[in-house]
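**Student:** My structure file coords_37.cif, mmCIF, C-alpha atoms, is below:
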```cif
data_input
#
loop_
_atom_site.label_atom_id
_atom_site.label_comp_id
_atom_site.auth_asym_id
_atom_site.auth_seq_id
_atom_site.Cartn_x
_atom_site.Cartn_y
_atom_site.Cartn_z
CA MET A 160 -14.33 105.49 144.15
CA VAL A 161 -17.29 107.79 143.58
CA LYS A 162 -16.53 110.84 141.52
CA LYS A 163 -17.94 114.11 142.79
CA PRO A 164 -20.05 115.80 140.09
CA SER A 165 -18.55 119.03 138.82
CA MET A 166 -20.38 122.27 138.44
CA GLY A 167 -19.63 122.17 134.72
CA ARG A 168 -19.54 125.25 132.58
CA GLN A 169 -21.16 128.21 134.26
CA LYS A 170 -22.64 131.26 132.60
CA ILE A 171 -20.87 134.37 133.88
CA ASP A 172 -21.87 138.01 133.74
CA ILE A 173 -19.73 139.96 131.32
CA LYS A 174 -18.48 142.81 133.48
CA LYS A 175 -15.14 144.02 134.76
CA ILE A 176 -13.52 141.68 137.26
CA GLU A 177 -12.66 143.78 140.32
CA ASN A 178 -10.08 141.44 141.91
CA PRO A 179 -6.74 142.13 140.13
CA ASP A 180 -5.44 138.56 140.62
CA ALA A 181 -8.64 137.01 139.25
CA ARG A 182 -8.59 139.53 136.38
CA GLN A 183 -5.02 138.51 135.45
CA VAL A 184 -5.90 134.79 135.51
CA CYS A 185 -8.98 135.43 133.37
CA PHE A 186 -6.92 137.52 130.93
CA SER A 187 -4.31 134.78 130.54
CA LYS A 188 -6.91 132.05 129.94
CA ARG A 189 -8.98 134.11 127.52
CA ARG A 190 -5.89 135.29 125.63
CA SER A 191 -4.84 131.67 125.16
CA GLY A 192 -8.34 130.80 123.99
CA LEU A 193 -8.40 133.73 121.59
CA PHE A 194 -5.04 132.76 120.07
CA LYS A 195 -6.14 129.11 119.81
CA LYS A 196 -9.32 130.10 117.93
CA ALA A 197 -7.28 132.35 115.63
CA ALA A 198 -4.90 129.46 114.86
CA GLU A 199 -7.87 127.21 114.08
CA LEU A 200 -9.31 129.88 111.77
CA CYS A 201 -5.98 130.03 109.94
CA LEU A 202 -5.76 126.25 109.53
CA LEU A 203 -9.40 125.59 108.62
CA CYS A 204 -9.97 128.54 106.32
CA ASN A 205 -6.47 129.44 105.15
CA ALA A 206 -7.02 132.93 106.57
CA GLN A 207 -4.35 135.46 107.38
CA VAL A 208 -4.84 136.73 110.94
CA ALA A 209 -3.10 139.23 113.21
CA ILE A 210 -4.03 139.84 116.84
CA ILE A 211 -2.39 142.40 119.14
CA VAL A 212 -3.39 142.36 122.81
CA PHE A 213 -2.22 144.57 125.67
CA SER A 214 -2.46 143.02 129.13
CA PRO A 215 -3.77 144.97 132.13
CA ALA A 216 -0.11 145.24 133.20
CA GLY A 217 0.79 146.85 129.87
CA LYS A 218 2.57 143.86 128.30
CA ILE A 219 1.95 143.22 124.62
CA PHE A 220 1.00 139.82 123.19
CA THR A 221 0.71 139.08 119.50
CA PHE A 222 -0.40 136.27 117.23
CA GLY A 223 -0.07 136.29 113.49
CA HIS A 224 -0.29 133.90 110.58
CA PRO A 225 1.86 133.98 108.51
CA SER A 226 3.18 136.80 110.75
CA VAL A 227 1.77 139.89 112.44
CA ASP A 228 3.99 142.15 110.34
CA SER A 229 2.93 140.63 107.04
CA VAL A 230 -0.78 140.83 107.88
CA ILE A 231 -0.53 144.45 109.04
CA GLU A 232 1.52 145.36 105.99
CA ARG A 233 -1.11 143.77 103.76
CA PHE A 234 -3.87 145.65 105.58
CA LEU A 235 -2.07 148.97 105.19
CA ARG A 236 -1.41 148.37 101.49
CA GLY A 237 -4.92 147.13 100.94
CA HIS A 238 -5.77 143.82 99.29
CA ASN A 239 -3.96 144.80 96.09
CA ALA A 240 -0.54 146.42 96.05
CA GLY A 241 -1.93 149.52 94.31
CA THR A 242 -4.67 150.16 96.85
CA GLU A 243 -4.29 153.22 99.05
CA ILE A 244 -3.80 153.01 102.79
CA PRO A 245 -7.22 153.16 104.49
CA GLN A 246 -7.96 156.49 106.15
CA LEU A 247 -9.04 156.67 109.77
CA GLY A 248 -12.47 158.11 110.41
CA PRO A 249 -12.84 161.32 112.44
CA MET A 250 -14.18 159.41 115.46
CA THR A 251 -11.22 157.01 115.40
CA GLU A 252 -8.77 159.89 115.12
CA GLU A 253 -10.42 161.68 118.05
CA LEU A 254 -10.33 158.52 120.18
CA SER A 255 -6.70 157.98 119.26
CA ARG A 256 -5.78 161.54 120.29
CA HIS A 257 -7.75 161.18 123.53
CA CYS A 258 -5.97 157.90 124.28
CA CYS A 259 -2.56 159.52 123.72
CA ASP A 260 -3.52 162.42 126.01
CA LEU A 261 -4.59 160.02 128.74
CA MET A 262 -1.37 158.03 128.42
CA GLU A 263 0.64 161.26 128.79
CA GLN A 264 -1.36 162.18 131.91
CA VAL A 265 -0.70 158.74 133.41
CA GLU A 266 3.04 159.10 132.79
CA THR A 267 3.04 162.59 134.33
CA GLU A 268 1.26 161.31 137.44
CA LYS A 269 3.68 158.39 137.73
CA LYS A 270 6.62 160.83 137.63
CA LYS A 271 4.98 163.01 140.29
CA LYS A 272 4.48 159.95 142.49
CA GLU A 273 8.13 158.94 142.10
CA VAL A 274 9.32 162.44 143.01
CA LEU A 275 7.12 162.49 146.10
CA GLN A 276 8.33 159.06 147.14
CA GLU A 277 11.97 160.13 146.71
CA ARG A 278 11.32 163.13 148.96
CA GLY A 279 9.78 160.85 151.55
CA LYS A 280 6.33 162.36 151.23
CA PRO A 281 3.37 160.03 150.81
CA ALA A 282 1.77 160.05 147.40
CA ALA A 283 -1.82 161.27 147.34
CA ALA A 284 -3.07 157.86 146.20
CA SER A 285 -1.34 156.02 149.04
CA GLY A 286 -4.05 157.19 151.45
CA GLY A 287 -3.63 156.93 155.18
CA GLN A 288 0.09 157.69 155.52
CA GLU A 289 0.55 160.39 158.11
CA SER A 290 2.88 163.35 158.17
CA TRP A 291 5.67 163.52 160.76
CA TRP A 292 3.77 166.04 162.90
CA GLU A 293 0.74 163.71 163.06
CA VAL A 294 2.66 160.78 164.54
CA ASP A 295 1.31 159.33 167.81
CA VAL A 296 3.78 160.37 170.54
CA ARG A 297 2.55 157.94 173.21
CA GLY A 298 5.16 155.34 173.97
CA ARG A 299 8.04 157.52 172.74
CA GLY A 300 11.15 157.93 174.84
CA LEU A 301 12.26 161.20 176.46
CA HIS A 302 15.01 161.79 173.86
CA GLU A 303 12.57 161.27 170.97
CA LEU A 304 10.04 163.61 172.58
CA GLU A 305 12.67 166.33 173.05
CA GLU A 306 13.67 166.06 169.37
CA PHE A 307 10.01 166.13 168.37
CA LYS A 308 9.44 169.26 170.53
CA MET A 309 12.43 171.00 168.92
CA SER A 310 11.11 170.14 165.47
CA LEU A 311 7.68 171.55 166.33
CA GLU A 312 9.26 174.73 167.73
CA LYS A 313 11.32 175.13 164.56
CA LEU A 314 8.18 174.65 162.47
CA ARG A 315 6.34 177.25 164.57
CA ASP A 316 9.23 179.74 164.17
CA ASN A 317 9.32 179.18 160.41
CA VAL A 318 5.55 179.71 160.14
CA LEU A 319 5.74 182.90 162.24
CA ASN A 320 8.65 184.25 160.17
CA ARG A 321 6.80 183.54 156.93
CA ALA A 322 3.65 185.18 158.29
CA GLU A 323 5.67 188.30 159.18
CA GLU A 324 7.22 188.38 155.70
CA LEU A 325 3.81 188.14 154.09
CA SER A 326 2.41 190.79 156.42
CA ARG A 327 5.26 193.19 155.56
CA ALA A 328 4.84 192.51 151.86
CA ASN A 329 1.10 193.07 152.14
CA SER A 330 1.64 196.35 154.04
CA ALA A 331 4.07 197.54 151.37
CA LEU A 332 1.54 196.72 148.65
CA VAL A 333 -1.20 198.63 150.47
CA GLU A 334 1.07 201.67 150.95
CA ASN A 335 2.04 201.64 147.28
CA TYR A 336 -1.58 201.32 146.27
CA PHE A 337 -2.60 204.37 148.29
CA LYS A 338 0.35 206.37 146.92
CA LEU A 339 -0.92 205.66 143.42
CA VAL A 340 -4.50 206.57 144.25
#
```
Let me see the file written as structure tokens.
**Tutor:**
Amino acid sequence: MVKKPSMGRQKIDIKKIENPDARQVCFSKRRSGLFKKAAELCLLCNAQVAIIVFSPAGKIFTFGHPSVDSVIERFLRGHNAGTEIPQLGPMTEELSRHCCDLMEQVETEKKKKEVLQERGKPAAASGGQESWWEVDVRGRGLHELEEFKMSLEKLRDNVLNRAEELSRANSALVENYFKLV
């Protein structure tokens, strides 16, 4: 049996992987490799190591020897127990604040999306979903078309009523303005 030669290790460009499935596979493999190298560093050099990784999906993965907590605690205390906690630089503080702001914005947008979905309205990011008045009416039955016509007439009446209200309010504002002048 002749073995087909493999392509071997290939050099890849270091850039963001656009395909989400391929990105997840790459993340899992590289995370495993990173943790394996950290474990080797601990064994070979008797080093204390802590690694915290957030996946693209937001899950957290950690590796620590002897433990993540003990390494972080040691870092915060400094090498000696009497050493002060290291201060963050101004650039790090600014980036941290910016990151928190962005996370808040993401949460706000997620809540908006959920509210829109609960109301039955398409979210802006969903792209391509049409409103009820944009639905193709070809192929609809007589009963559906009559209901659709009544809905459109109701919409028209509501728009006309609102336009009248705004017109009256505008007229009242103009009259009051000229009374003051």
**Student:** How many Å lie between CA of Phe194 in chain A and CA of Phe213 in chain A, rounded to one decimal?
**Tutor:**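 Interatomic distance, CA of Phe194 in chain A to CA of Phe213 in chain A: 13.4 Å.
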**Student:** Set the distance at 12 Å and use all atoms listed in the file: which residues neighbour Ser187 in chain A once local chain neighbours fewer than 3 positions away are removed? I'd like the list as a ChimeraX atom specification.
**Tutor:** /A:180-184,190-194,212-216,218,220
**Student:** For a test of reading the model, state the distance in Å between CA of Val208 in chain A and CA of Arg236 in chain A, rounded to one decimal.
**Tutor:** 15.4 Å
**Student:** Could you state the separation of CA of Asn320 in chain A and CA of Glu305 in chain A in Å, given to one decimal place?
**Tutor:** 22.4 Å
